[in-house]
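query.pdb (PDB, C-alpha atoms) appears below.
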```pdb
MODEL        1
ATOM      1  CA  MET A   7       0.000   0.000   0.000
ATOM      2  CA  ALA A   8       1.377   3.402  -0.961
ATOM      3  CA  LEU A   9       1.196   6.271   1.551
ATOM      4  CA  ASN A  10       0.470   9.836   0.556
ATOM      5  CA  PHE A  11       2.872  11.811   2.741
ATOM      6  CA  ASP A  12       1.041  15.057   1.947
ATOM      7  CA  ASN A  13      -2.103  13.634   3.561
ATOM      8  CA  LEU A  14      -0.656  12.379   6.892
ATOM      9  CA  PRO A  15      -2.266  13.796  10.089
ATOM     10  CA  LYS A  16      -0.558  16.834  11.574
ATOM     11  CA  SER A  17      -2.124  16.438  15.030
ATOM     12  CA  ASN A  18      -3.272  13.622  17.308
ATOM     13  CA  PRO A  19      -6.567  12.325  15.853
ATOM     14  CA  ASN A  20      -7.687  11.212  19.349
ATOM     15  CA  GLY A  21      -7.393  14.703  20.800
ATOM     16  CA  GLU A  22      -5.154  16.034  23.544
ATOM     17  CA  SER A  23      -6.863  14.124  26.365
ATOM     18  CA  ASN A  24      -5.824  10.762  24.926
ATOM     19  CA  SER A  25      -2.153  11.547  24.293
ATOM     20  CA  SER A  26      -0.801  10.105  27.554
ATOM     21  CA  ASN A  27       1.817   8.049  25.704
ATOM     22  CA  VAL A  28       3.316  11.117  23.993
ATOM     23  CA  LEU A  29       5.917  12.722  26.230
ATOM     24  CA  GLU A  30       6.277  16.468  26.363
ATOM     25  CA  LYS A  31       9.743  17.910  25.865
ATOM     26  CA  GLY A  32      11.765  17.349  29.038
ATOM     27  CA  ILE A  33      14.006  15.018  31.012
ATOM     28  CA  TYR A  34      12.512  11.749  32.236
ATOM     29  CA  PRO A  35      13.803   8.843  34.324
ATOM     30  CA  ALA A  36      14.301   5.684  32.276
ATOM     31  CA  VAL A  37      15.479   2.127  32.775
ATOM     32  CA  ALA A  38      16.974  -0.153  30.120
ATOM     33  CA  LYS A  39      14.622  -3.049  30.848
ATOM     34  CA  ARG A  40      15.817  -5.514  28.245
ATOM     35  CA  ALA A  41      18.465  -5.840  25.559
ATOM     36  CA  GLU A  42      18.885  -8.421  22.847
ATOM     37  CA  MET A  43      20.828  -8.956  19.654
ATOM     38  CA  ARG A  44      19.055  -9.274  16.324
ATOM     39  CA  THR A  45      20.138  -9.685  12.720
ATOM     40  CA  SER A  46      18.669  -7.541   9.951
ATOM     41  CA  GLY A  47      17.533  -8.891   6.609
ATOM     42  CA  LYS A  48      20.857  -7.694   5.179
ATOM     43  CA  GLY A  49      22.803  -9.675   7.774
ATOM     44  CA  LEU A  50      23.783  -6.721   9.997
ATOM     45  CA  ASN A  51      23.918  -7.426  13.728
ATOM     46  CA  TYR A  52      22.259  -4.843  15.921
ATOM     47  CA  LEU A  53      21.329  -4.342  19.566
ATOM     48  CA  VAL A  54      17.686  -3.685  20.475
ATOM     49  CA  VAL A  55      17.116  -1.995  23.828
ATOM     50  CA  GLN A  56      13.709  -1.720  25.500
ATOM     51  CA  LEU A  57      13.503   1.424  27.638
ATOM     52  CA  ALA A  58      10.850   2.043  30.304
ATOM     53  CA  ILE A  59      10.345   5.805  30.593
ATOM     54  CA  THR A  60       8.324   7.263  33.451
ATOM     55  CA  SER A  61       6.563  10.584  33.810
ATOM     56  CA  ASP A  62       3.902  12.050  36.050
ATOM     57  CA  LYS A  63       1.324  10.657  33.572
ATOM     58  CA  GLY A  64       2.629   7.092  33.920
ATOM     59  CA  SER A  65       5.141   5.114  31.941
ATOM     60  CA  THR A  66       5.751   4.255  28.327
ATOM     61  CA  THR A  67       8.003   1.851  26.480
ATOM     62  CA  VAL A  68      10.460   2.924  23.808
ATOM     63  CA  PHE A  69      12.647   0.652  21.685
ATOM     64  CA  ASP A  70      15.978   1.819  20.311
ATOM     65  CA  ASN A  71      18.381   0.109  17.911
ATOM     66  CA  PHE A  72      22.168   0.304  17.987
ATOM     67  CA  PHE A  73      24.030  -0.949  14.926
ATOM     68  CA  ASP A  74      27.454  -2.527  14.692
ATOM     69  CA  MET A  75      28.882   0.012  12.229
ATOM     70  CA  ASP A  76      32.089   1.969  11.920
ATOM     71  CA  LYS A  77      30.353   5.230  10.938
ATOM     72  CA  PRO A  78      30.648   8.262  13.277
ATOM     73  CA  LEU A  79      26.948   8.918  14.010
ATOM     74  CA  PRO A  80      25.953   5.364  15.075
ATOM     75  CA  ARG A  81      29.128   5.147  17.192
ATOM     76  CA  PHE A  82      28.330   8.506  18.861
ATOM     77  CA  LYS A  83      24.757   7.371  19.568
ATOM     78  CA  LEU A  84      26.067   4.181  21.176
ATOM     79  CA  ALA A  85      28.617   6.133  23.229
ATOM     80  CA  GLN A  86      25.924   8.515  24.519
ATOM     81  CA  PHE A  87      23.720   5.569  25.497
ATOM     82  CA  LEU A  88      26.593   3.833  27.308
ATOM     83  CA  ARG A  89      27.373   7.046  29.207
ATOM     84  CA  ALA A  90      23.709   7.305  30.205
ATOM     85  CA  VAL A  91      23.647   3.760  31.642
ATOM     86  CA  GLY A  92      26.981   4.362  33.362
ATOM     87  CA  THR A  93      29.009   1.675  31.647
ATOM     88  CA  ILE A  94      31.806   2.392  29.230
ATOM     89  CA  PRO A  95      33.690  -0.735  28.193
ATOM     90  CA  SER A  96      37.409  -0.306  27.681
ATOM     91  CA  GLY A  97      39.283  -1.588  24.682
ATOM     92  CA  ASN A  98      37.565  -3.730  22.086
ATOM     93  CA  PHE A  99      34.067  -5.049  22.685
ATOM     94  CA  GLU A 100      31.159  -6.384  20.685
ATOM     95  CA  LEU A 101      27.529  -5.292  20.902
ATOM     96  CA  LYS A 102      26.562  -8.762  22.135
ATOM     97  CA  ASP A 103      28.745  -8.141  25.218
ATOM     98  CA  LEU A 104      26.462  -5.250  26.206
ATOM     99  CA  VAL A 105      23.403  -7.505  26.492
ATOM    100  CA  LYS A 106      24.907  -8.906  29.701
ATOM    101  CA  VAL A 107      25.503  -5.552  31.409
ATOM    102  CA  ILE A 108      22.691  -3.140  30.511
ATOM    103  CA  ASN A 109      19.556  -5.053  31.498
ATOM    104  CA  ASN A 110      17.676  -3.207  34.259
ATOM    105  CA  ARG A 111      20.212  -0.346  34.309
ATOM    106  CA  PRO A 112      18.818   3.134  34.999
ATOM    107  CA  LEU A 113      19.751   5.914  32.617
ATOM    108  CA  SER A 114      21.034   9.160  34.073
TER     109      SER A 114
ENDMDL
END
```

What does this structure look like when you write it as structure tokens?
Amino acid sequence: MALNFDNLPKSNPNGESNSSNVLEKGIYPAVAKRAEMRTSGKGLNYLVVQLAITSDKGSTTVFDNFFDMDKPLPRFKLAQFLRAVGTIPSGNFELKDLVKVINNRPLS
């Protein structure tokens, strides 16, 4: 099915009262609840992290992917995430090594 990008909604169709899972701009406590390795259709290994984010409205779940690439932006994203969970491996490591250390780690 083709999507018409000119016709996509510009606001929440359920109204403001039902947007409890959309976080307003701000800083929220989060916990890396679960991490696992997956392989893409092209054979790339990547890390999937499930984050539980809490706010005064409740909590929501966000998934983020980290790819095993030697490009600057994905490496910076991974470094920022590792700083947030308070674990920076030294030397050489593989993404699969992170699965063991980031489960249930709070982000700061």

Target residues per the PyMOL selection byres ((chain A and resi 69) around 7), formatted as a compact mmCIF listing (two decimals) with C-alpha atoms, in the coordinates of the input:
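Resulting contents of out-v7.txt:
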```txt
# COMPACT_ATOMS: atom_id res chain seq x y z
CA VAL A 54 17.69 -3.68 20.48
CA VAL A 55 17.12 -2.00 23.83
CA GLN A 56 13.71 -1.72 25.50
CA LEU A 57 13.50 1.42 27.64
CA THR A 67 8.00 1.85 26.48
CA VAL A 68 10.46 2.92 23.81
CA ASP A 70 15.98 1.82 20.31
CA ASN A 71 18.38 0.11 17.91
```

- Could you name the residues that touch stretch 103-110 of chain A at 6 Å or less, counting only C-alpha atoms, but leaving out those on the same chain fewer than 6 positions away, as a PyMOL selection string? chain A and resi 37-42

- Task: Could you jot down the atom CA of A:Arg89 to atom CA of A:Ser114 separation for me, Å, one decimal place?
- Result: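 Computing the Euclidean distance for atom CA of A:Arg89 and atom CA of A:Ser114 yields 8.3 Å.
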
- Using only C-alpha atoms: which of A:Gly97, A:Gly92, A:Pro35, A:Pro78 has the shortest distance to A:Ala58: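 Smallest separation from A:Ala58 among the options: A:Pro35.
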
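One finds atom CA of A:Tyr34 at 6.3 Å from atom CA of A:Ser61.
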
Mind giving me the axis-aligned box for stretch 50-60 of chain A with 5 Å on every side, centre plus edges in Å to one decimal, as JSON?
```
{"center_x": 16.1, "center_y": -0.1, "center_z": 21.7, "size_x": 25.6, "size_y": 24.7, "size_z": 33.5}
```
